[in-house]
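Data block below; observations after.
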Amino acid sequence: MTHVAEPGLAACSLLSWGTDHGERLDPVAADAVVHLLALSGAKVRDGLPEATPDLVRAVLLEALPQFLSVTPGEEGAALAVLRVLADRTRADGRLNTKRHARLREAIDKCAEEHLRVMCDPRELTLPRFWGGLLRARGVDVRDAEAVRGGLEELARLPYAERARLLSLPDATEGVESDAGSVYAGPAAWALGPYRRGLAMERQAVAAMMLGQRLTLCLTESDAAPWVLDLLGSEQVARLMDADGVDEWTEAVTKAGLRVARRWSLGPAELPSAALPAPGPRPDDMALFTAVGEVVEQYDILRGDELFAPPHPLPADRDGFVSALRGSGLLTPAAQLAESPPADADAEGVDVALATGFLVLDPEGRPQPGPSLEAWRERNAGELAALAVRALAELCGRLGTDPDLGEDFEGEILGDLVALLCAAGEPRSVARYAAVAADWVVPPEASLAAPVRGLEDSTESQESGCTAEAYRLPSLPELERLLQLGPLDEQDAAELAPAARRLAGRLDLLASAGVVWRRGDAYGLTPLAAAVLREALLLAYGGGWPPRSGESAREKTGGSAEGDREGQSWTPSSVAERFPTVEAVVALDAARLVPAARQWDVPAAHRVLRQWVAGGEGPEARWPRLLAALAAPSPTLGSAQAGGPLSPADLLGHRRLVAQTLPDAPPGLLAGYVGDPVLGAWAAEVLRAAGEAVEEEAVPLSSRLLWRLDRLHALAVPAWRTYFALGEVPEDEEARSEGVDGGPPTPELASLHEGFGQMAAGWPGGASALMSDFARADPATASPVLQLLSDHPDEEIARLAALAYEECEMAHLAQVRQAQSAVRRKGGGRRKGKKRR
């Protein structure tokens, strides 16, 4: 039989040979197989690649699942092509009987796995989805006009029918049952849009790798003719003209995308607007990117706690949709889409374009985009996805404002994530501005001076602070908030510009419904908390569940989706990672306490108060909370944590105890005076209530930790004053206290006095007390001992210096032990940008 010569690889001759031998092959699958084999390194003779067992495995299990679209029931089309190719190669005399049998055996061995991955939605890319859908509807994907007509027909369907038809198939294999869980059902609302974004991300990676392989083959003279045919002269010219790494990568990726369409959507060059919503579209990648930005900030700030502190949220999906439609986050863009302006440069058009509410027609005029339809339909999943994109875009846009912008990349979004982790605790504009201006505001200020809102203070009315015009609080209130001692008008004048800049940024965020501000107090809205939580739910569990026997790390290749420790996840476990207030209130105290000690203390204190007030009420819950707080020492271990606490966890636990016990009924605390950790704090509360508690009744371990924390509290202002004295310019007269052997500052004198009183009643005196400090908690003891090493009493100074060295050695040993544990688990350093 005579065949017409083909300019590229001889896929048509293989089809004809198969027909002549009783095998009717899929032409799209045949074209994909011969080209992907050649691109994988197969030798090409007479226009056909010579397959090997290794190449068969690579093409069936890696390449074809990325590029070949199939219809239901035809997933094995490539297997038939490979079998015919093997037989053709044997008939042409290029395979002996043994090698032919080995090749057919390799195909059969890969068949089951190939069929599975070809049916697996985890492997879908945008071209494969649309190509498979159109082919299932009888559309010839090699005909560009037929493809356009098929897409137009889909676009004319009612939205509800389209949403059902254009949804990516689900994958539930390997997911544990959530029966009985309060989180039954998907954890995140925007799973569909996010998984579309994952398909786009897979497509981009696959296209870049294919483009790189095409470029490599293009440089080989013997392969150049069929590669030239595959790429086309115009695409080859772009590759050759690309200059610089970024430009070259873009050109290579575009070349790969164009070739990949050959085996899914054929020659159709489709703009994004041609793809009906809510099916996969290129702009779905924006959601994947926005989720990555949110989780990056969360991992920098947090990321290691058992579960996140809960922030108040809208009541349900309907409440979320109503809050979103009533806010300024998406509403201005939706209003523009309802009546598009003639000018693409009109105010707000850039935001509407970025969120898909507007698109530009071929003449560059704004037209309603696909997001408007989701807005009208009140589709919670699509709107949640749009809200995440809009929030990330808003933060990025504000960050570029020269008057209100960021000091470093991601600052604004990071601040919002920090507010989410505050669990609804109000923040102070003045305090934040002082920290940003490098004022040495003690971390304890947020505990010692909680922010007062309008409901519990007249400060805002007195100072004239409104959402429209910000003014610093009065000097007495400013001193209370900052805990820096006396301040004067000059201090206030120095702080005011930074505070006004922050307030201006907050007011723009408030206009979008992201934050609220009342006077100097501000916080995150429930709507914004829901949007950020949605992004985190997607990042930690929005990807496809891992297959049976496959970990999330293997599945994702280290990407954001899935459990971030490489373990399988379920909808309930993901929701429990970022719980609601209601879910936390329903927890057992033994599970809540280990998580709460990892949070910021104000957030933990707020959540524990909510927990005590919930459920059966304080009378029933206080005993359970005190039992959960009791006795988690490094030596005794913790039933809640399943083992001994690290020094860092013990410090967090003590801070939690110090804030929680003063709220407890004194009558319940008498039974905890003998507790190895709670004892000293329980005794202090009882003494404050007028009850007598003998010092000997409190265990020595608890008295040691209480003394250490008390001295650390005295050391903080002493260090702050020490640094302030050291920063006085040379041309200004500085006080001599505490410098060059002069009298100690009042703050340092308070530390010396406090230590003297504690050492006087300690077994073994000052030497034993300092050594015990170093062993009990090196990180907390180190700054205390360093200050005491300059004590006027030379003997105390010498002992403190020795204990400080012991402290540093113990701390170094703990760091090495932690690093060793990470290495044993197969972990490593987490990449990320440092926050100031």
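Just so we're on the same page: first chain in the structure tokens is A, next is B, and so on; residues restart at 1 for each chain, and ligands are numbered from 1 in the order they show up.
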Region 87-104 of chain A surroundings by only C-alpha atoms, 9 Å radius, close-in-sequence under 5 positions cut, as a PDB file with C-alpha atoms, in the first residue's frame:
```pdb
ATOM      1  CA  LEU A  14       0.348   3.924  11.590  1.00  0.00           C
ATOM      2  CA  TRP A  17      -1.458   0.007   8.980  1.00  0.00           C
ATOM      3  CA  GLY A  18      -3.678  -0.600  11.975  1.00  0.00           C
ATOM      4  CA  LEU A  48       7.802   6.282  13.470  1.00  0.00           C
ATOM      5  CA  PRO A  49       9.401   6.118  16.948  1.00  0.00           C
ATOM      6  CA  GLU A  50      10.803   2.888  18.279  1.00  0.00           C
ATOM      7  CA  ALA A  51       9.299   2.203  21.697  1.00  0.00           C
ATOM      8  CA  THR A  52      11.149   0.524  24.557  1.00  0.00           C
ATOM      9  CA  PRO A  53       9.742  -0.787  27.877  1.00  0.00           C
ATOM     10  CA  VAL A  56       6.331   2.893  27.320  1.00  0.00           C
ATOM     11  CA  LEU A  82       1.210   1.226  21.437  1.00  0.00           C
ATOM     12  CA  LYS A 109       1.886  -4.333  32.876  1.00  0.00           C
TER      13      LYS A 109
END
```
### Message
Taking 6 positions as the minimum chain separation for residues in the same chain, which residues sit within 9 Å of Val657 (chain A) when counting only C-alpha atoms? Answer as a list in words.
### Response
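Near Val657 (chain A), the qualifying residues are Leu629, Val677, Leu678 and Trp681 of chain A.
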Dump N, CA, C and O atoms for the selected residues as an mmCIF file, in the first residue's frame?
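And here's selection-v3.cif as it stands now:
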```
data_model
loop_
_atom_site.group_PDB
_atom_site.id
_atom_site.type_symbol
_atom_site.label_atom_id
_atom_site.label_comp_id
_atom_site.auth_asym_id
_atom_site.auth_seq_id
_atom_site.Cartn_x
_atom_site.Cartn_y
_atom_site.Cartn_z
ATOM 1 N N LEU A 629 -5.009 22.162 82.978
ATOM 2 C CA LEU A 629 -3.854 23.036 83.168
ATOM 3 C C LEU A 629 -2.838 22.465 84.148
ATOM 4 O O LEU A 629 -1.703 22.946 84.222
ATOM 5 N N VAL A 677 3.169 22.743 88.894
ATOM 6 C CA VAL A 677 3.228 23.965 88.071
ATOM 7 C C VAL A 677 2.240 25.001 88.585
ATOM 8 O O VAL A 677 2.581 26.144 88.862
ATOM 9 N N LEU A 678 0.985 24.634 88.748
ATOM 10 C CA LEU A 678 -0.037 25.608 89.123
ATOM 11 C C LEU A 678 0.123 26.123 90.549
ATOM 12 O O LEU A 678 -0.374 27.215 90.867
ATOM 13 N N TRP A 681 0.988 29.879 91.375
ATOM 14 C CA TRP A 681 0.009 30.832 90.849
ATOM 15 C C TRP A 681 -1.315 30.700 91.603
ATOM 16 O O TRP A 681 -1.973 31.701 91.891
#
```
### Query
Skipping near chain neighbours, those fewer than 6 positions away, what residues fall within 12 Å of region 439-444 of chain A using only C-alpha atoms, listed as a PyMOL selection string?
chain A and resi 430-433+450+478-485+491+494-495+498+600-602+655+659+712-724
Those residues with N, CA, C and O atoms, as a compact mmCIF listing (two decimals), in the first residue's frame please?
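Writing done, so here's out_39.txt:
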```txt
# COMPACT_ATOMS: atom_id res chain seq x y z
N ALA A 430 -2.30 53.10 67.73
CA ALA A 430 -1.12 53.75 68.29
C ALA A 430 -0.05 52.73 68.67
O ALA A 430 1.14 52.96 68.43
N ARG A 431 -0.47 51.61 69.27
CA ARG A 431 0.51 50.60 69.67
C ARG A 431 1.19 49.99 68.45
O ARG A 431 2.41 49.81 68.42
N TYR A 432 0.41 49.67 67.42
CA TYR A 432 1.00 49.09 66.21
C TYR A 432 1.95 50.09 65.56
O TYR A 432 3.05 49.72 65.12
N ALA A 433 1.54 51.36 65.50
CA ALA A 433 2.39 52.37 64.88
C ALA A 433 3.69 52.55 65.66
O ALA A 433 4.76 52.74 65.08
N PRO A 450 -5.24 46.06 77.77
CA PRO A 450 -6.10 45.66 76.66
C PRO A 450 -6.70 46.88 75.97
O PRO A 450 -6.93 47.92 76.59
N LEU A 478 -2.36 56.88 76.07
CA LEU A 478 -1.20 56.44 75.29
C LEU A 478 -0.17 55.76 76.19
O LEU A 478 0.40 54.72 75.84
N GLU A 479 0.04 56.33 77.38
CA GLU A 479 0.95 55.71 78.33
C GLU A 479 0.44 54.33 78.76
O GLU A 479 1.23 53.39 78.92
N ARG A 480 -0.87 54.22 78.96
CA ARG A 480 -1.44 52.92 79.34
C ARG A 480 -1.26 51.90 78.23
O ARG A 480 -0.90 50.74 78.48
N LEU A 481 -1.48 52.30 76.99
CA LEU A 481 -1.40 51.37 75.86
C LEU A 481 0.02 50.90 75.59
O LEU A 481 0.25 49.73 75.27
N LEU A 482 0.98 51.81 75.70
CA LEU A 482 2.35 51.49 75.29
C LEU A 482 3.20 50.95 76.43
O LEU A 482 4.22 50.30 76.18
N GLN A 483 2.81 51.24 77.68
CA GLN A 483 3.56 50.73 78.83
C GLN A 483 5.04 51.10 78.76
O GLN A 483 5.91 50.30 79.07
N LEU A 484 5.31 52.34 78.33
CA LEU A 484 6.68 52.82 78.21
C LEU A 484 7.03 53.86 79.27
O LEU A 484 8.08 54.51 79.18
N GLY A 485 6.16 54.06 80.24
CA GLY A 485 6.41 55.08 81.22
C GLY A 485 5.85 56.43 80.77
O GLY A 485 5.07 56.51 79.81
N ASP A 491 6.67 63.30 72.27
CA ASP A 491 6.55 61.89 71.93
C ASP A 491 5.31 61.63 71.08
O ASP A 491 5.35 60.90 70.08
N GLU A 494 5.79 62.82 67.58
CA GLU A 494 6.66 61.93 66.82
C GLU A 494 5.92 60.70 66.33
O GLU A 494 6.17 60.19 65.23
N LEU A 495 4.98 60.23 67.13
CA LEU A 495 4.25 59.02 66.79
C LEU A 495 3.10 59.28 65.83
O LEU A 495 2.70 58.39 65.06
N ALA A 498 3.06 58.23 61.84
CA ALA A 498 2.99 56.78 61.60
C ALA A 498 1.60 56.25 61.92
O ALA A 498 1.07 55.38 61.21
N ASP A 600 -0.87 33.34 70.88
CA ASP A 600 -0.59 34.56 71.61
C ASP A 600 -1.46 34.58 72.86
O ASP A 600 -2.63 34.18 72.82
N VAL A 601 -0.89 35.03 73.95
CA VAL A 601 -1.60 34.93 75.23
C VAL A 601 -2.94 35.67 75.23
O VAL A 601 -3.94 35.15 75.74
N PRO A 602 -3.04 36.90 74.68
CA PRO A 602 -4.36 37.55 74.67
C PRO A 602 -5.42 36.73 73.93
O PRO A 602 -6.56 36.63 74.38
N ARG A 655 2.46 31.04 80.96
CA ARG A 655 1.78 32.30 80.61
C ARG A 655 0.27 32.10 80.59
O ARG A 655 -0.49 32.98 81.02
N GLN A 659 -2.50 33.96 83.22
CA GLN A 659 -3.64 34.76 82.78
C GLN A 659 -4.98 34.14 83.14
O GLN A 659 -5.98 34.84 83.28
N HIS A 712 11.78 37.69 85.22
CA HIS A 712 11.79 38.01 83.79
C HIS A 712 10.93 39.24 83.52
O HIS A 712 11.29 40.10 82.71
N ALA A 713 9.80 39.35 84.21
CA ALA A 713 8.95 40.54 84.05
C ALA A 713 9.68 41.80 84.50
O ALA A 713 9.51 42.88 83.93
N LEU A 714 10.52 41.69 85.54
CA LEU A 714 11.31 42.84 85.99
C LEU A 714 12.48 43.12 85.05
O LEU A 714 12.93 44.27 84.93
N ALA A 715 12.96 42.07 84.38
CA ALA A 715 14.11 42.25 83.48
C ALA A 715 13.74 42.98 82.20
O ALA A 715 14.58 43.67 81.62
N VAL A 716 12.49 42.85 81.75
CA VAL A 716 12.09 43.48 80.48
C VAL A 716 12.26 45.00 80.52
O VAL A 716 12.93 45.58 79.66
N PRO A 717 11.68 45.71 81.51
CA PRO A 717 11.91 47.17 81.54
C PRO A 717 13.37 47.53 81.82
O PRO A 717 13.86 48.57 81.36
N ALA A 718 14.09 46.67 82.56
CA ALA A 718 15.51 46.95 82.82
C ALA A 718 16.32 46.90 81.52
O ALA A 718 17.19 47.75 81.27
N TRP A 719 16.04 45.91 80.69
CA TRP A 719 16.72 45.84 79.39
C TRP A 719 16.33 47.02 78.51
O TRP A 719 17.17 47.59 77.80
N ARG A 720 15.05 47.39 78.53
CA ARG A 720 14.60 48.51 77.68
C ARG A 720 15.33 49.79 78.07
O ARG A 720 15.79 50.55 77.20
N THR A 721 15.45 50.04 79.37
CA THR A 721 16.17 51.24 79.82
C THR A 721 17.65 51.16 79.48
O THR A 721 18.27 52.15 79.07
N TYR A 722 18.20 49.96 79.60
CA TYR A 722 19.62 49.76 79.28
C TYR A 722 19.89 50.11 77.82
O TYR A 722 20.84 50.81 77.50
N PHE A 723 19.01 49.63 76.92
CA PHE A 723 19.19 49.93 75.50
C PHE A 723 18.99 51.42 75.23
O PHE A 723 19.70 52.02 74.42
N ALA A 724 18.00 52.02 75.89
CA ALA A 724 17.74 53.44 75.67
C ALA A 724 18.94 54.28 76.08
O ALA A 724 19.32 55.24 75.39
```
#### Entry: Test item: residues at most 10 Å from Gly667 (chain A), only C-alpha atoms, excluding those fewer than 4 positions along its chain, as a count of residues only
3
### Query
Any idea what's packed within 12 Å of Leu239 (chain A), counting only C-alpha atoms, ignoring anything in its chain fewer than 4 positions away? Could you give it as JSON, numbers by chain?
{"A": [211, 212, 214, 215, 216, 218, 219, 228, 231, 232, 233, 234, 235, 243, 244, 245, 247, 248, 249, 250, 251, 252, 253, 254, 255, 256]}
Those residues you just picked out, can you put them in a file as a tab-separated table (two decimals), in the first residue's frame with C-alpha atoms?
```tsv
chain	number	residue	atom	x	y	z
A	211	GLY	CA	8.30	23.19	25.80
A	212	GLN	CA	11.75	22.51	27.22
A	214	LEU	CA	10.64	20.57	22.28
A	215	THR	CA	13.42	23.12	22.42
A	216	LEU	CA	16.00	20.43	23.18
A	218	LEU	CA	14.80	21.41	18.02
A	219	THR	CA	18.55	21.72	18.49
A	228	LEU	CA	9.48	22.25	13.19
A	231	LEU	CA	5.76	23.86	16.58
A	232	GLY	CA	5.17	25.84	13.41
A	233	SER	CA	7.50	28.46	12.00
A	234	GLU	CA	5.91	31.33	13.96
A	235	GLN	CA	6.41	29.62	17.32
A	243	ASP	CA	16.11	36.85	25.32
A	244	GLY	CA	16.69	36.52	29.06
A	245	VAL	CA	15.53	33.79	31.44
A	247	GLU	CA	11.29	35.79	28.41
A	248	TRP	CA	12.72	32.41	27.41
A	249	THR	CA	10.65	30.57	30.04
A	250	GLU	CA	7.48	32.32	28.85
A	251	ALA	CA	8.20	31.48	25.22
A	252	VAL	CA	8.98	27.86	26.07
A	253	THR	CA	5.77	27.53	28.11
A	254	LYS	CA	3.66	29.03	25.33
A	255	ALA	CA	5.24	26.62	22.85
A	256	GLY	CA	4.37	23.72	25.14
```
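CA of Glu805 (chain A) lies 10.3 Å from CA of Ser771 (chain A).
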Per residue of region 735-810 of chain A within 12 Å of region 649-652 of chain A, record the nearest atom pair and its distance in Å to one decimal, counting only C-alpha atoms, with rows in chain order and ascending residue number, as a tab-separated table.
```
residue	atom	partner	partner_atom	distance
A:Ala776	CA	A:Leu650	CA	9.8
A:Asp777	CA	A:Leu651	CA	7.9
A:Pro778	CA	A:Leu651	CA	10.6
A:Ala779	CA	A:Leu651	CA	9.2
A:Thr780	CA	A:Leu651	CA	8.0
A:Ala781	CA	A:Leu651	CA	11.1
```
Prev. selection, all heavy atoms, output as a compact mmCIF listing (two decimals), in the first residue's frame:
```
# COMPACT_ATOMS: atom_id res chain seq x y z
N ALA A 776 15.96 24.93 84.63
CA ALA A 776 14.51 24.84 84.48
C ALA A 776 14.04 25.40 83.12
O ALA A 776 13.22 24.79 82.45
CB ALA A 776 13.81 25.60 85.60
N ASP A 777 14.56 26.54 82.73
CA ASP A 777 14.12 27.18 81.48
C ASP A 777 15.22 28.10 80.99
O ASP A 777 15.23 29.30 81.28
CB ASP A 777 12.83 27.97 81.73
CG ASP A 777 12.22 28.51 80.44
OD1 ASP A 777 12.90 28.48 79.41
OD2 ASP A 777 11.05 28.95 80.47
N PRO A 778 16.18 27.58 80.22
CA PRO A 778 17.33 28.39 79.79
C PRO A 778 16.93 29.64 79.00
O PRO A 778 17.53 30.69 79.19
CB PRO A 778 18.14 27.43 78.92
CG PRO A 778 17.72 26.07 79.35
CD PRO A 778 16.30 26.18 79.77
N ALA A 779 15.94 29.52 78.13
CA ALA A 779 15.57 30.66 77.29
C ALA A 779 15.04 31.83 78.12
O ALA A 779 15.35 32.99 77.86
CB ALA A 779 14.54 30.24 76.25
N THR A 780 14.22 31.53 79.13
CA THR A 780 13.66 32.59 79.97
C THR A 780 14.71 33.12 80.94
O THR A 780 14.75 34.32 81.24
CB THR A 780 12.45 32.06 80.75
OG1 THR A 780 11.51 31.50 79.83
CG2 THR A 780 11.77 33.17 81.54
N ALA A 781 15.57 32.23 81.45
CA ALA A 781 16.55 32.63 82.46
C ALA A 781 17.69 33.45 81.86
O ALA A 781 18.29 34.28 82.56
CB ALA A 781 17.11 31.40 83.16
```
### Message
Would you compute the distance between CA of Trp516 (chain A) and CA of Ala535 (chain A)? Give it in Å to one decimal.
### Response
20.6 Å
### Query
DSSP on the backbone: what in region 17-116 of chain A comes out alpha helix (DSSP H), as a ChimeraX atom specification?
/A:17-20,27-39,53-58,64-67,77-91,97-116
### Task
One decimal, Å: what's the distance from CA of Arg389 (chain A) over to CA of Leu287 (chain A), could you say?
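Going from CA of Arg389 (chain A) over to CA of Leu287 (chain A) covers 5.5 Å.
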### Query
If we count only C-alpha atoms, what is near Arg302 (chain A) at a cut-off of 12 Å, once residues fewer than 5 positions away on the same chain are taken out, given as number ranges by chain?
A: 294-297, 307-309, 414, 417-418, 420-422, 536, 598-600, 832, 835
Writer output for current selection, C-alpha atoms, as a CSV table (one decimal), in the first residue's frame:
```csv
chain,number,residue,atom,x,y,z
A,294,VAL,CA,-2.2,33.8,52.3
A,295,VAL,CA,-0.6,30.5,53.4
A,296,GLU,CA,2.9,31.9,53.0
A,297,GLN,CA,2.1,34.7,55.5
A,307,PHE,CA,-4.9,24.2,65.5
A,308,ALA,CA,-5.5,27.9,64.9
A,309,PRO,CA,-7.3,30.2,67.4
A,414,GLY,CA,0.5,39.5,56.9
A,417,VAL,CA,-3.4,37.1,58.9
A,418,ALA,CA,-2.1,38.2,62.3
A,420,LEU,CA,-7.1,36.4,62.2
A,421,CYS,CA,-4.8,34.7,64.7
A,422,ALA,CA,-5.8,37.3,67.4
A,536,LEU,CA,-6.2,28.4,54.6
A,598,GLN,CA,0.9,27.9,71.5
A,599,TRP,CA,-1.2,30.9,70.7
A,600,ASP,CA,-0.6,34.6,71.6
A,832,GLY,CA,10.1,31.8,53.9
A,835,ARG,CA,9.0,39.5,59.1
```
### Query
Residues at most 7 Å from region 146-160 of chain A, counting only C-alpha atoms, excluding those fewer than 3 positions away in the same chain, as a list in words?
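Answer for this query is Leu134, Val139, Asp140, Val141, Asp143, Ala163, Arg164, Ala268, Ala274, Leu275 and Pro276 of chain A.
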### Task
Identify all residues of region 27-105 of chain A in strand (DSSP E or B) (DSSP on the backbone) and supply them as a PyMOL selection string.
chain A and resi 44-45+48-49
Go ahead and save the residues from that selection, with N, CA and C atoms, as a PDB file, in the first residue's frame.
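The result, written out as selection.pdb:
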```pdb
ATOM      1  N   VAL A  44      13.698   7.613  15.912  1.00  0.00           N
ATOM      2  CA  VAL A  44      12.675   7.744  14.878  1.00  0.00           C
ATOM      3  C   VAL A  44      13.242   7.223  13.564  1.00  0.00           C
ATOM      4  N   ARG A  45      12.541   6.221  12.995  1.00  0.00           N
ATOM      5  CA  ARG A  45      12.950   5.668  11.699  1.00  0.00           C
ATOM      6  C   ARG A  45      11.725   5.604  10.804  1.00  0.00           C
ATOM      7  N   LEU A  48       8.429   6.888  12.299  1.00  0.00           N
ATOM      8  CA  LEU A  48       7.802   6.282  13.470  1.00  0.00           C
ATOM      9  C   LEU A  48       8.830   6.059  14.567  1.00  0.00           C
ATOM     10  N   PRO A  49       8.467   6.326  15.830  1.00  0.00           N
ATOM     11  CA  PRO A  49       9.401   6.118  16.948  1.00  0.00           C
ATOM     12  C   PRO A  49       9.477   4.642  17.297  1.00  0.00           C
TER      13      PRO A  49
END
```
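The shortest atom-to-atom distance to Leu85 (chain A), with only C-alpha atoms taken into account, belongs to A:Glu23 out of A:Glu23, A:Glu808, A:Asp403, A:Glu62.
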